[in-house]
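Visitor: Take a look at this one; I'll ask things after.
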Amino acid sequence: MADTKVYLSFGRHERYGFDTPILREDMVAAYLTGVHLRQILPPCATVYHSPLERATETARFEALGMNCPHLLETEFLTESTPKFTVQKFVNNVLTNTDHSVQYYHFVTHLPVVEKLGLPFLGAGDVCLLTADNWTDMLAENFSVQTMCRPEVQAFLWMKWQQTSQNLEKLSPDDIYRLLQKQEAK
């Protein structure tokens with residue numbers, strides 16, 4: 001029997017970078033978060049994200065790991081958005097969802113996560129909500145699970161023929177292309 005459950009995941013953006021929106025190692029961690037979500041969940045229909053650079057960059061790398069080509073930027077996920085407006089946005093997404101869709105991902109900020117009444121998330125962490133259907137999700141009849149951001153392990157650097165020191169010399173687009181090549185393998 002097919003899994004008919006539905007899922008929402010809310011990810012907090014990665015840590016600030018010095019010369020990039022997020023740290024270069026965190027770009028890889030965001031990608032690995034996406035890979036993990038892809039392995040345990042149905043295909044992601046859309047990744048919604050705040051327009052702030054750190055959330056945009058986190059969403060881009062997580063979406064690559066999830067193999068989700070649909071990224072949508074929205075002002076409704078910024079830190080200053082009122083609680084009612086954030087909840088209304090999420091509810092509108094769910095209300096207008098096709099029954100064939102089982103999963104959406106959101107990349108945002110801690111104040112938005114708090115406004116939704118979800119558990120505390122560290123930078124790069126994800127909160128996963130699971131319900132039997134979208135009606136139950138709207139009624140907040142869901143289970144909650146938090147996932148910590150993955151640590152980038154040394155064996156990955158060897159597999160990718162890179163070092164963490166080399167990574168610091170790459171631009172975000174270079175890192176993205178490197179990870180795209182890994183996806184193609």
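Each chain in the structure tokens gets a letter, A, B and so on, in the order shown; residues start at 1 in every chain, and ligands are counted from 1 in the order they appear.
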Could you name the residues that touch A:Ala45 at 8 Å or less, counting only C-alpha atoms, but leaving out those on the same chain fewer than 6 positions away, as an mmCIF file with all heavy atoms, in the first residue's frame?
Guide:
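Output contents, as saved in part_14.cif:
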data_model
loop_
_atom_site.group_PDB
_atom_site.id
_atom_site.type_symbol
_atom_site.label_atom_id
_atom_site.label_comp_id
_atom_site.auth_asym_id
_atom_site.auth_seq_id
_atom_site.Cartn_x
_atom_site.Cartn_y
_atom_site.Cartn_z
ATOM 1 N N CYS A 68 14.592 19.057 -6.173
ATOM 2 C CA CYS A 68 13.346 19.807 -6.337
ATOM 3 C C CYS A 68 13.637 21.081 -7.137
ATOM 4 O O CYS A 68 14.281 21.995 -6.632
ATOM 5 C CB CYS A 68 12.766 20.185 -4.973
ATOM 6 S SG CYS A 68 11.217 21.118 -5.100
ATOM 7 N N HIS A 70 11.592 23.385 -8.124
ATOM 8 C CA HIS A 70 10.635 24.478 -7.909
ATOM 9 C C HIS A 70 10.951 25.240 -6.628
ATOM 10 O O HIS A 70 10.614 24.776 -5.537
ATOM 11 C CB HIS A 70 9.204 23.933 -7.859
ATOM 12 C CG HIS A 70 8.833 23.184 -9.088
ATOM 13 N ND1 HIS A 70 8.714 21.830 -9.111
ATOM 14 C CD2 HIS A 70 8.588 23.617 -10.347
ATOM 15 C CE1 HIS A 70 8.407 21.441 -10.328
ATOM 16 N NE2 HIS A 70 8.329 22.501 -11.099
ATOM 17 N N VAL A 101 0.017 15.986 -4.434
ATOM 18 C CA VAL A 101 1.194 16.527 -3.741
ATOM 19 C C VAL A 101 1.208 16.017 -2.303
ATOM 20 O O VAL A 101 0.199 16.060 -1.608
ATOM 21 C CB VAL A 101 1.187 18.067 -3.758
ATOM 22 C CG1 VAL A 101 2.313 18.629 -2.909
ATOM 23 C CG2 VAL A 101 1.269 18.578 -5.191
ATOM 24 N N GLN A 102 2.380 15.560 -1.878
ATOM 25 C CA GLN A 102 2.508 15.051 -0.511
ATOM 26 C C GLN A 102 3.492 15.840 0.343
ATOM 27 O O GLN A 102 3.548 15.627 1.555
ATOM 28 C CB GLN A 102 2.975 13.591 -0.536
ATOM 29 C CG GLN A 102 1.930 12.609 -0.999
ATOM 30 C CD GLN A 102 2.476 11.202 -0.914
ATOM 31 O OE1 GLN A 102 3.038 10.702 -1.877
ATOM 32 N NE2 GLN A 102 2.320 10.583 0.249
ATOM 33 N N TYR A 103 4.267 16.763 -0.263
ATOM 34 C CA TYR A 103 5.340 17.359 0.520
ATOM 35 C C TYR A 103 5.742 18.733 0.007
ATOM 36 O O TYR A 103 5.933 18.933 -1.191
ATOM 37 C CB TYR A 103 6.539 16.409 0.496
ATOM 38 C CG TYR A 103 7.806 16.936 1.119
ATOM 39 C CD1 TYR A 103 7.797 17.613 2.341
ATOM 40 C CD2 TYR A 103 9.032 16.753 0.503
ATOM 41 C CE1 TYR A 103 8.962 18.088 2.900
ATOM 42 C CE2 TYR A 103 10.206 17.216 1.064
ATOM 43 C CZ TYR A 103 10.161 17.889 2.261
ATOM 44 O OH TYR A 103 11.322 18.363 2.817
ATOM 45 N N TYR A 104 5.880 19.677 0.964
ATOM 46 C CA TYR A 104 6.434 21.019 0.725
ATOM 47 C C TYR A 104 7.524 21.280 1.758
ATOM 48 O O TYR A 104 7.437 20.828 2.901
ATOM 49 C CB TYR A 104 5.372 22.110 0.900
ATOM 50 C CG TYR A 104 4.292 22.124 -0.135
ATOM 51 C CD1 TYR A 104 2.988 21.764 0.201
ATOM 52 C CD2 TYR A 104 4.546 22.520 -1.444
ATOM 53 C CE1 TYR A 104 1.976 21.800 -0.733
ATOM 54 C CE2 TYR A 104 3.531 22.553 -2.395
ATOM 55 C CZ TYR A 104 2.254 22.196 -2.028
ATOM 56 O OH TYR A 104 1.252 22.225 -2.960
#
Visitor: Mind the document's chain letters and residue numbers, and return as JSON, numbers by chain the residues of chain A that DSSP labels helix (DSSP H, G or I).
Guide: {"A": [24, 25, 26, 27, 28, 29, 30, 31, 32, 33, 34, 35, 36, 37, 38, 39, 40, 53, 54, 55, 56, 57, 58, 59, 60, 61, 62, 63, 64, 65, 66, 75, 76, 77, 83, 84, 85, 86, 87, 88, 89, 90, 91, 92, 93, 94, 95, 110, 111, 112, 113, 114, 115, 134, 135, 136, 137, 138, 154, 155, 156, 157, 158, 159, 164, 165, 166, 167, 172, 173, 174, 175, 176, 177, 178, 179, 180, 181, 182, 183, 184]}
Visitor: Have a look at A:Glu14, A:Asp174, A:Glu62, A:Glu53 and name the one nearest to A:Thr78; count only C-alpha atoms.
Guide: A:Glu53
Visitor: Which residue, A:Ala184, A:Leu52, A:Leu41, A:Leu110, has the smallest gap to A:Leu8 when you use only C-alpha atoms?
Guide: A:Leu41
Visitor: When you look at A:Lys169 with a cut-off of 12 Å (counting only C-alpha atoms), what residues show up, excluding the ones that are within fewer than 5 positions of it in the same chain? I need them as a count of residues only.
Guide: 9
Visitor: Between atom CA of A:Pro150 and atom CA of A:Ile22, what is the distance, to one decimal in Å?
Guide: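 Atom CA of A:Pro150 sits 15.2 Å away from atom CA of A:Ile22.
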Visitor: Record the distance separating atom CA of A:Pro42 and atom CA of A:Phe106, expressed in Å with one decimal.
Guide: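 A separation of 15.2 Å between them.
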Visitor: Could you tell me how far atom CA of A:Gly117 lies from atom CA of A:Met27, in Å and to one decimal?
Guide: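 For atom CA of A:Gly117 relative to atom CA of A:Met27, the distance reads 26.9 Å.
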